[in-house]
file query-v8.cif (mmCIF, C-alpha atoms and all ligand atoms; chains and numbers go by the auth columns)
data_structure
#
loop_
_atom_site.group_PDB
_atom_site.id
_atom_site.type_symbol
_atom_site.label_atom_id
_atom_site.label_comp_id
_atom_site.label_asym_id
_atom_site.label_seq_id
_atom_site.Cartn_x
_atom_site.Cartn_y
_atom_site.Cartn_z
_atom_site.B_iso_or_equiv
_atom_site.auth_seq_id
_atom_site.auth_asym_id
ATOM 1 C CA MET A 1 11.179 58.733 -17.088 0.00 1 A
ATOM 2 C CA ILE A 2 10.841 58.761 -20.850 0.00 2 A
ATOM 3 C CA ILE A 3 8.832 55.808 -21.965 0.00 3 A
ATOM 4 C CA THR A 4 10.266 54.537 -25.205 0.00 4 A
ATOM 5 C CA HIS A 5 8.646 52.044 -27.492 0.00 5 A
ATOM 6 C CA SER A 6 10.797 49.200 -26.126 0.00 6 A
ATOM 7 C CA THR A 7 9.973 50.106 -22.492 0.00 7 A
ATOM 8 C CA PHE A 8 6.321 49.925 -23.374 0.00 8 A
ATOM 9 C CA LEU A 9 6.807 46.509 -24.942 0.00 9 A
ATOM 10 C CA ILE A 10 8.599 45.158 -21.874 0.00 10 A
ATOM 11 C CA ILE A 11 5.891 46.456 -19.563 0.00 11 A
ATOM 12 C CA THR A 12 3.208 44.907 -21.741 0.00 12 A
ATOM 13 C CA VAL A 13 4.951 41.537 -21.834 0.00 13 A
ATOM 14 C CA LEU A 14 5.558 41.465 -18.061 0.00 14 A
ATOM 15 C CA ASP A 15 2.022 42.517 -17.406 0.00 15 A
ATOM 16 C CA TYR A 16 0.678 39.834 -19.732 0.00 16 A
ATOM 17 C CA ASN A 17 2.683 37.089 -17.975 0.00 17 A
ATOM 18 C CA LEU A 18 1.519 38.280 -14.572 0.00 18 A
ATOM 19 C CA THR A 19 -2.110 38.412 -15.642 0.00 19 A
ATOM 20 C CA ASP A 20 -1.834 35.001 -17.248 0.00 20 A
ATOM 21 C CA LYS A 21 -0.597 33.453 -13.996 0.00 21 A
ATOM 22 C CA MET A 22 -3.301 35.157 -11.967 0.00 22 A
ATOM 23 C CA ILE A 23 -6.249 33.837 -13.965 0.00 23 A
ATOM 24 C CA PRO A 24 -8.053 31.530 -11.566 0.00 24 A
ATOM 25 C CA GLY A 25 -8.730 28.033 -12.810 0.00 25 A
ATOM 26 C CA LEU A 26 -9.048 24.391 -11.877 0.00 26 A
ATOM 27 C CA ALA A 27 -6.893 22.069 -9.761 0.00 27 A
ATOM 28 C CA ILE A 28 -6.883 18.602 -11.335 0.00 28 A
ATOM 29 C CA ASP A 29 -6.151 15.345 -9.540 0.00 29 A
ATOM 30 C CA ILE A 30 -4.364 12.598 -11.510 0.00 30 A
ATOM 31 C CA ASP A 31 -4.609 9.104 -9.967 0.00 31 A
ATOM 32 C CA GLU A 32 -8.048 7.541 -10.462 0.00 32 A
ATOM 33 C CA THR A 33 -9.225 10.816 -12.032 0.00 33 A
ATOM 34 C CA LEU A 34 -7.088 10.882 -15.203 0.00 34 A
ATOM 35 C CA SER A 35 -5.132 7.623 -14.929 0.00 35 A
ATOM 36 C CA TRP A 36 -6.391 4.218 -13.816 0.00 36 A
ATOM 37 C CA THR A 37 -3.419 3.751 -11.524 0.00 37 A
ATOM 38 C CA ILE A 38 -4.993 1.169 -9.229 0.00 38 A
ATOM 39 C CA GLY A 39 -5.910 -0.976 -12.248 0.00 39 A
ATOM 40 C CA TYR A 40 -2.319 -1.031 -13.441 0.00 40 A
ATOM 41 C CA TRP A 41 -0.990 -1.899 -9.979 0.00 41 A
ATOM 42 C CA VAL A 42 -3.495 -4.678 -9.433 0.00 42 A
ATOM 43 C CA GLY A 43 -2.974 -6.206 -12.893 0.00 43 A
ATOM 44 C CA THR A 44 0.794 -6.172 -12.460 0.00 44 A
ATOM 45 C CA MET A 45 0.692 -7.505 -8.897 0.00 45 A
ATOM 46 C CA GLN A 46 -1.622 -10.353 -9.856 0.00 46 A
ATOM 47 C CA LYS A 47 0.999 -11.460 -12.391 0.00 47 A
ATOM 48 C CA LEU A 48 3.963 -11.000 -10.064 0.00 48 A
ATOM 49 C CA PHE A 49 2.582 -12.038 -6.676 0.00 49 A
ATOM 50 C CA GLY A 50 -0.365 -14.291 -7.452 0.00 50 A
ATOM 51 C CA ASN A 51 -4.119 -14.217 -7.680 0.00 51 A
ATOM 52 C CA PRO A 52 -5.217 -17.194 -5.525 0.00 52 A
ATOM 53 C CA GLU A 53 -8.867 -16.084 -5.463 0.00 53 A
ATOM 54 C CA ASN A 54 -8.902 -15.833 -9.255 0.00 54 A
ATOM 55 C CA LEU A 55 -10.417 -12.344 -9.212 0.00 55 A
ATOM 56 C CA SER A 56 -10.553 -9.932 -12.126 0.00 56 A
ATOM 57 C CA GLN A 57 -8.911 -6.523 -11.578 0.00 57 A
ATOM 58 C CA ASN A 58 -12.312 -4.920 -10.913 0.00 58 A
ATOM 59 C CA GLN A 59 -13.410 -7.675 -8.528 0.00 59 A
ATOM 60 C CA LEU A 60 -10.200 -7.364 -6.532 0.00 60 A
ATOM 61 C CA ILE A 61 -10.507 -3.551 -6.359 0.00 61 A
ATOM 62 C CA ALA A 62 -14.148 -3.833 -5.243 0.00 62 A
ATOM 63 C CA LYS A 63 -13.185 -6.306 -2.515 0.00 63 A
ATOM 64 C CA TYR A 64 -10.021 -4.702 -1.129 0.00 64 A
ATOM 65 C CA ARG A 65 -9.904 -1.140 -2.559 0.00 65 A
ATOM 66 C CA TYR A 66 -6.139 -0.768 -1.912 0.00 66 A
ATOM 67 C CA THR A 67 -3.264 -3.154 -2.578 0.00 67 A
ATOM 68 C CA GLN A 68 -2.169 -2.844 1.058 0.00 68 A
ATOM 69 C CA ASN A 69 -5.447 -4.591 2.062 0.00 69 A
ATOM 70 C CA VAL A 70 -4.883 -7.686 -0.055 0.00 70 A
ATOM 71 C CA PRO A 71 -3.805 -10.315 2.522 0.00 71 A
ATOM 72 C CA TYR A 72 -1.647 -12.490 0.207 0.00 72 A
ATOM 73 C CA TRP A 73 0.362 -9.468 -1.005 0.00 73 A
ATOM 74 C CA GLN A 74 1.616 -8.508 2.422 0.00 74 A
ATOM 75 C CA THR A 75 4.981 -10.189 1.885 0.00 75 A
ATOM 76 C CA LYS A 76 8.375 -8.534 2.161 0.00 76 A
ATOM 77 C CA GLU A 77 8.920 -9.077 -1.543 0.00 77 A
ATOM 78 C CA ALA A 78 5.626 -7.452 -2.572 0.00 78 A
ATOM 79 C CA GLU A 79 6.079 -4.569 -0.124 0.00 79 A
ATOM 80 C CA ALA A 80 9.562 -3.849 -1.454 0.00 80 A
ATOM 81 C CA TRP A 81 8.194 -3.883 -4.999 0.00 81 A
ATOM 82 C CA MET A 82 5.382 -1.449 -4.082 0.00 82 A
ATOM 83 C CA GLU A 83 7.764 0.940 -2.346 0.00 83 A
ATOM 84 C CA GLU A 84 10.044 0.943 -5.385 0.00 84 A
ATOM 85 C CA GLN A 85 7.143 1.577 -7.786 0.00 85 A
ATOM 86 C CA ARG A 86 5.843 4.592 -5.844 0.00 86 A
ATOM 87 C CA PHE A 87 9.077 6.376 -6.689 0.00 87 A
ATOM 88 C CA SER A 88 9.410 5.054 -10.233 0.00 88 A
ATOM 89 C CA ASN A 89 9.206 7.620 -13.018 0.00 89 A
ATOM 90 C CA GLU A 90 9.013 4.813 -15.543 0.00 90 A
ATOM 91 C CA LEU A 91 5.860 3.352 -13.988 0.00 91 A
ATOM 92 C CA GLN A 92 4.035 6.693 -14.302 0.00 92 A
ATOM 93 C CA THR A 93 4.561 6.672 -18.067 0.00 93 A
ATOM 94 C CA LYS A 94 2.830 3.275 -18.433 0.00 94 A
ATOM 95 C CA LEU A 95 -0.418 3.988 -16.612 0.00 95 A
ATOM 96 C CA PRO A 96 -3.720 3.402 -18.427 0.00 96 A
ATOM 97 C CA LEU A 97 -5.748 6.468 -19.345 0.00 97 A
ATOM 98 C CA ILE A 98 -9.288 6.855 -18.003 0.00 98 A
ATOM 99 C CA ASP A 99 -11.572 6.884 -20.993 0.00 99 A
ATOM 100 C CA GLY A 100 -12.349 10.410 -22.195 0.00 100 A
ATOM 101 C CA ALA A 101 -10.363 12.185 -19.465 0.00 101 A
ATOM 102 C CA ASN A 102 -8.000 13.896 -21.932 0.00 102 A
ATOM 103 C CA THR A 103 -10.603 14.911 -24.517 0.00 103 A
ATOM 104 C CA TYR A 104 -13.059 16.246 -21.932 0.00 104 A
ATOM 105 C CA LEU A 105 -10.371 18.049 -19.927 0.00 105 A
ATOM 106 C CA THR A 106 -9.214 19.746 -23.140 0.00 106 A
ATOM 107 C CA LYS A 107 -12.802 20.900 -23.786 0.00 107 A
ATOM 108 C CA ILE A 108 -13.132 22.054 -20.161 0.00 108 A
ATOM 109 C CA SER A 109 -9.865 24.017 -20.404 0.00 109 A
ATOM 110 C CA LYS A 110 -11.440 26.173 -23.130 0.00 110 A
ATOM 111 C CA ILE A 111 -14.099 27.266 -20.603 0.00 111 A
ATOM 112 C CA ILE A 112 -12.042 27.403 -17.386 0.00 112 A
ATOM 113 C CA PRO A 113 -8.225 27.294 -17.538 0.00 113 A
ATOM 114 C CA ILE A 114 -6.342 24.444 -15.892 0.00 114 A
ATOM 115 C CA SER A 115 -4.277 26.103 -13.148 0.00 115 A
ATOM 116 C CA ALA A 116 -2.390 23.009 -12.046 0.00 116 A
ATOM 117 C CA TYR A 117 -2.368 19.257 -11.707 0.00 117 A
ATOM 118 C CA THR A 118 -2.401 18.701 -7.961 0.00 118 A
ATOM 119 C CA THR A 119 -1.321 15.207 -7.017 0.00 119 A
ATOM 120 C CA THR A 120 -0.332 13.333 -3.877 0.00 120 A
ATOM 121 C CA ARG A 121 2.344 11.540 -5.891 0.00 121 A
ATOM 122 C CA PRO A 122 5.791 12.387 -4.493 0.00 122 A
ATOM 123 C CA ASP A 123 7.641 15.145 -6.339 0.00 123 A
ATOM 124 C CA LYS A 124 10.347 12.632 -7.288 0.00 124 A
ATOM 125 C CA VAL A 125 8.003 11.287 -9.976 0.00 125 A
ATOM 126 C CA LYS A 126 7.172 14.659 -11.504 0.00 126 A
ATOM 127 C CA ASP A 127 9.165 13.890 -14.682 0.00 127 A
ATOM 128 C CA GLY A 128 7.347 10.608 -15.360 0.00 128 A
ATOM 129 C CA THR A 129 4.045 12.310 -14.608 0.00 129 A
ATOM 130 C CA GLN A 130 4.780 15.118 -17.044 0.00 130 A
ATOM 131 C CA LYS A 131 5.741 12.602 -19.729 0.00 131 A
ATOM 132 C CA TRP A 132 2.464 10.727 -19.252 0.00 132 A
ATOM 133 C CA LEU A 133 0.381 13.934 -19.437 0.00 133 A
ATOM 134 C CA GLU A 134 2.183 14.917 -22.650 0.00 134 A
ATOM 135 C CA GLN A 135 1.845 11.433 -24.188 0.00 135 A
ATOM 136 C CA ASN A 136 -1.881 11.655 -23.655 0.00 136 A
ATOM 137 C CA ASN A 137 -2.249 15.241 -24.919 0.00 137 A
ATOM 138 C CA PHE A 138 -3.522 16.759 -21.688 0.00 138 A
ATOM 139 C CA PRO A 139 -3.645 20.569 -21.460 0.00 139 A
ATOM 140 C CA LYS A 140 -0.342 22.060 -20.332 0.00 140 A
ATOM 141 C CA ALA A 141 -0.245 23.226 -16.722 0.00 141 A
ATOM 142 C CA GLU A 142 2.060 23.194 -13.728 0.00 142 A
ATOM 143 C CA ILE A 143 2.335 19.856 -11.872 0.00 143 A
ATOM 144 C CA ILE A 144 2.225 20.219 -8.104 0.00 144 A
ATOM 145 C CA CYS A 145 3.287 17.069 -6.241 0.00 145 A
ATOM 146 C CA ARG A 146 3.394 16.194 -2.558 0.00 146 A
ATOM 147 C CA PRO A 147 6.822 17.066 -1.147 0.00 147 A
ATOM 148 C CA SER A 148 8.645 13.680 -1.126 0.00 148 A
ATOM 149 C CA GLU A 149 9.606 14.036 2.549 0.00 149 A
ATOM 150 C CA LEU A 150 5.931 14.090 3.579 0.00 150 A
ATOM 151 C CA PRO A 151 4.558 10.602 4.289 0.00 151 A
ATOM 152 C CA PHE A 152 2.119 9.107 1.765 0.00 152 A
ATOM 153 C CA ASN A 153 -0.716 8.964 4.324 0.00 153 A
ATOM 154 C CA LYS A 154 -0.528 12.742 4.859 0.00 154 A
ATOM 155 C CA GLY A 155 -1.105 13.379 1.143 0.00 155 A
ATOM 156 C CA ASP A 156 -4.800 14.312 1.253 0.00 156 A
ATOM 157 C CA GLU A 157 -4.313 16.772 4.119 0.00 157 A
ATOM 158 C CA TRP A 158 -1.387 18.355 2.285 0.00 158 A
ATOM 159 C CA LYS A 159 -3.404 18.715 -0.916 0.00 159 A
ATOM 160 C CA ALA A 160 -6.503 20.236 0.706 0.00 160 A
ATOM 161 C CA LYS A 161 -4.334 22.685 2.659 0.00 161 A
ATOM 162 C CA PHE A 162 -2.457 23.696 -0.497 0.00 162 A
ATOM 163 C CA ILE A 163 -5.684 24.330 -2.432 0.00 163 A
ATOM 164 C CA LYS A 164 -7.169 26.353 0.434 0.00 164 A
ATOM 165 C CA GLU A 165 -4.013 28.425 0.845 0.00 165 A
ATOM 166 C CA ASN A 166 -4.088 29.208 -2.882 0.00 166 A
ATOM 167 C CA ASN A 167 -7.764 29.980 -2.892 0.00 167 A
ATOM 168 C CA SER A 168 -7.501 32.863 -5.355 0.00 168 A
ATOM 169 C CA ARG A 169 -5.785 30.590 -7.863 0.00 169 A
ATOM 170 C CA PHE A 170 -8.205 27.669 -7.736 0.00 170 A
ATOM 171 C CA ILE A 171 -11.884 28.332 -8.333 0.00 171 A
ATOM 172 C CA GLY A 172 -12.560 24.661 -8.683 0.00 172 A
ATOM 173 C CA VAL A 173 -11.216 21.172 -8.118 0.00 173 A
ATOM 174 C CA ILE A 174 -11.682 17.910 -10.012 0.00 174 A
ATOM 175 C CA ASP A 175 -10.828 14.947 -7.776 0.00 175 A
ATOM 176 C CA ASP A 176 -12.086 11.417 -7.154 0.00 176 A
ATOM 177 C CA LYS A 177 -11.555 11.420 -3.400 0.00 177 A
ATOM 178 C CA PRO A 178 -14.473 12.241 -1.104 0.00 178 A
ATOM 179 C CA GLN A 179 -11.873 12.899 1.634 0.00 179 A
ATOM 180 C CA ILE A 180 -10.544 15.867 -0.364 0.00 180 A
ATOM 181 C CA ALA A 181 -14.059 17.351 -0.489 0.00 181 A
ATOM 182 C CA GLU A 182 -14.458 16.808 3.247 0.00 182 A
ATOM 183 C CA LEU A 183 -11.050 18.294 4.060 0.00 183 A
ATOM 184 C CA LEU A 184 -11.764 21.360 1.909 0.00 184 A
ATOM 185 C CA GLY A 185 -15.075 21.697 3.711 0.00 185 A
ATOM 186 C CA GLU A 186 -18.000 24.067 3.271 0.00 186 A
ATOM 187 C CA GLU A 187 -15.750 27.083 3.774 0.00 187 A
ATOM 188 C CA TYR A 188 -13.895 26.450 0.512 0.00 188 A
ATOM 189 C CA ASN A 189 -15.553 28.917 -1.844 0.00 189 A
ATOM 190 C CA GLY A 190 -14.717 27.060 -5.069 0.00 190 A
ATOM 191 C CA THR A 191 -16.602 24.187 -6.683 0.00 191 A
ATOM 192 C CA ILE A 192 -15.563 20.584 -6.075 0.00 192 A
ATOM 193 C CA PHE A 193 -16.325 18.245 -8.969 0.00 193 A
ATOM 194 C CA LEU A 194 -16.223 14.837 -7.362 0.00 194 A
ATOM 195 C CA TYR A 195 -15.437 12.323 -10.077 0.00 195 A
ATOM 196 C CA GLU A 196 -17.093 8.906 -10.172 0.00 196 A
ATOM 197 C CA HIS A 197 -18.911 9.254 -6.884 0.00 197 A
ATOM 198 C CA ALA A 198 -22.535 9.301 -5.980 0.00 198 A
ATOM 199 C CA ASN A 199 -23.506 12.056 -3.583 0.00 199 A
ATOM 200 C CA VAL A 200 -21.395 11.220 -0.576 0.00 200 A
ATOM 201 C CA ASN A 201 -22.274 14.207 1.539 0.00 201 A
ATOM 202 C CA ASN A 202 -24.473 17.254 1.568 0.00 202 A
ATOM 203 C CA GLN A 203 -21.723 19.778 1.115 0.00 203 A
ATOM 204 C CA SER A 204 -23.153 22.635 -0.926 0.00 204 A
ATOM 205 C CA ASN A 205 -19.910 23.161 -2.874 0.00 205 A
ATOM 206 C CA VAL A 206 -19.692 19.537 -4.099 0.00 206 A
ATOM 207 C CA ILE A 207 -21.043 18.401 -7.471 0.00 207 A
ATOM 208 C CA SER A 208 -20.979 14.622 -7.831 0.00 208 A
ATOM 209 C CA CYS A 209 -20.225 13.539 -11.392 0.00 209 A
ATOM 210 C CA LYS A 210 -20.520 9.938 -12.533 0.00 210 A
ATOM 211 C CA ASP A 211 -18.208 10.425 -15.525 0.00 211 A
ATOM 212 C CA TRP A 212 -16.137 12.962 -17.474 0.00 212 A
ATOM 213 C CA LYS A 213 -19.040 13.886 -19.732 0.00 213 A
ATOM 214 C CA THR A 214 -21.020 14.941 -16.652 0.00 214 A
ATOM 215 C CA ILE A 215 -18.119 17.075 -15.375 0.00 215 A
ATOM 216 C CA TYR A 216 -18.012 18.838 -18.747 0.00 216 A
ATOM 217 C CA GLU A 217 -21.793 19.442 -18.705 0.00 217 A
ATOM 218 C CA LYS A 218 -21.601 20.849 -15.166 0.00 218 A
ATOM 219 C CA VAL A 219 -18.661 23.122 -16.018 0.00 219 A
ATOM 220 C CA LYS A 220 -20.667 24.513 -18.948 0.00 220 A
ATOM 221 C CA GLU A 221 -23.485 25.401 -16.546 0.00 221 A
ATOM 222 C CA MET A 222 -21.170 27.403 -14.266 0.00 222 A
HETATM 223 MG MG MG B . -7.185 10.542 -7.032 0.00 301 B
#
call {"tool": "encode", "arguments": {"input": "query-v8.cif", "output": "structure tokens", "more": "lines below"}}
Ligand SMILES: [Mg+2]
result
Amino acid sequence: MIITHSTFLIITVLDYNLTDKMIPGLAIDIDETLSWTIGYWVGTMQKLFGNPENLSQNQLIAKYRYTQNVPYWQTKEAEAWMEEQRFSNELQTKLPLIDGANTYLTKISKIIPISAYTTTRPDKVKDGTQKWLEQNNFPKAEIICRPSELPFNKGDEWKAKFIKENNSRFIGVIDDKPQIAELLGEEYNGTIFLYEHANVNNQSNVISCKDWKTIYEKVKEM
């Protein structure tokens, strides 16, 4: 085969794309790591379905943790609203940003690339999610959502399995859920930056980070 100038160019371009995709990087969670999703839900539900205990958003979250634990919101009306919102692209675009998440993640991406946003949101809300990430100037990366046919309560298992199966792609994870760290386990050979949690376990691959600044400092030390 005679290698012409244009053949060389094509090979170079293909090779570059392949290499680019193979660079290992970070898997980034979205809800409660980048966006204060629970805060938005609670604030909206207090307005729509009542706040008989007169709690602030933070007080209600501290007391019940999830909206499905709030006794006076377990009505058919509220449940139907919640189910609709989980699949709403529009809702994703309105979520509040966690302070500093976008600026620190941009700084982090200059040290370790962002391989993907890995979220247990159903893939039906990928468009709204992408819009929100763009609105808030997050680094560009693939968005990997839970397959919509998988039930919501299987989300963490799905995510941990996906990260483990793509081990060569993800050298680290930023996530707020201790369950993700546990499901990945000691055998996961990447680093798990656990956002906003005190040391919840003694896993050697977990670094507990109280805020985004701490994650950035820890990434710099890697
Ligand atoms: Mg999360």
call {"tool": "resolve_selection", "arguments": {"input": "query-v8.cif", "expression": "the PyMOL selection byres (((chain A and resi 132-146) around 7) and not hetatm)", "output": "VMD selection string"}}
result
chain A and resid 92 to 93 102 106 114 to 123 126 128 to 131 147 to 148 150 155
call {"tool": "resolve_selection", "arguments": {"input": "query-v8.cif", "expression": "the PyMOL selection byres (((chain A and resi 40) around 12) and not hetatm)", "output": "MDAnalysis selection string"}}
result
chainID A and resid 31:32 35:39 41:47 57:58 61 67 85 91:98
call {"tool": "atom_distance", "arguments": {"input": "query-v8.cif", "atom1": "atom CA of A:Ile28", "atom2": "atom CA of A:Phe152"}}
result
18.5 Å
call {"tool": "atom_distance", "arguments": {"input": "query-v8.cif", "atom1": "atom CA of A:Gly50", "atom2": "atom CA of A:Ala78"}}
result
10.3 Å
call {"tool": "residues_near_ligand", "arguments": {"input": "query-v8.cif", "ligand": "ligand MG 301 (chain B)", "cutoff": "7 Å", "atoms": "all atoms listed in the file", "output": "list in words"}}
result
Asp29, Ile30, Asp31, Glu32, Thr33, Asp175, Asp176 and Lys177 of chain A
call {"tool": "closest_residue", "arguments": {"input": "query-v8.cif", "among": "A:Val206, A:Leu184, A:Ile111, A:Trp158", "to": "A:Pro24", "atoms": "all atoms listed in the file"}}
result
A:Ile111
call {"tool": "axis_aligned_box", "arguments": {"input": "query-v8.cif", "around": "stretch 174-192 of chain A", "padding_each_side": "3 Å", "output": "AutoDock Vina command-line options"}}
result
--center_x -14.3 --center_y 20.2 --center_z -3.0 --size_x 13.5 --size_y 23.5 --size_z 20.1
call {"tool": "atom_distance", "arguments": {"input": "query-v8.cif", "atom1": "atom CA of A:Asp99", "atom2": "atom CA of A:Leu60"}}
result
20.3 Å
call {"tool": "residues_near_point", "arguments": {"input": "query-v8.cif", "point": "(-11.0, 27.4, 0.4)", "cutoff": "12 Å", "atoms": "all atoms listed in the file", "output": "number ranges by chain"}}
result
A: 159-173, 180-192, 205
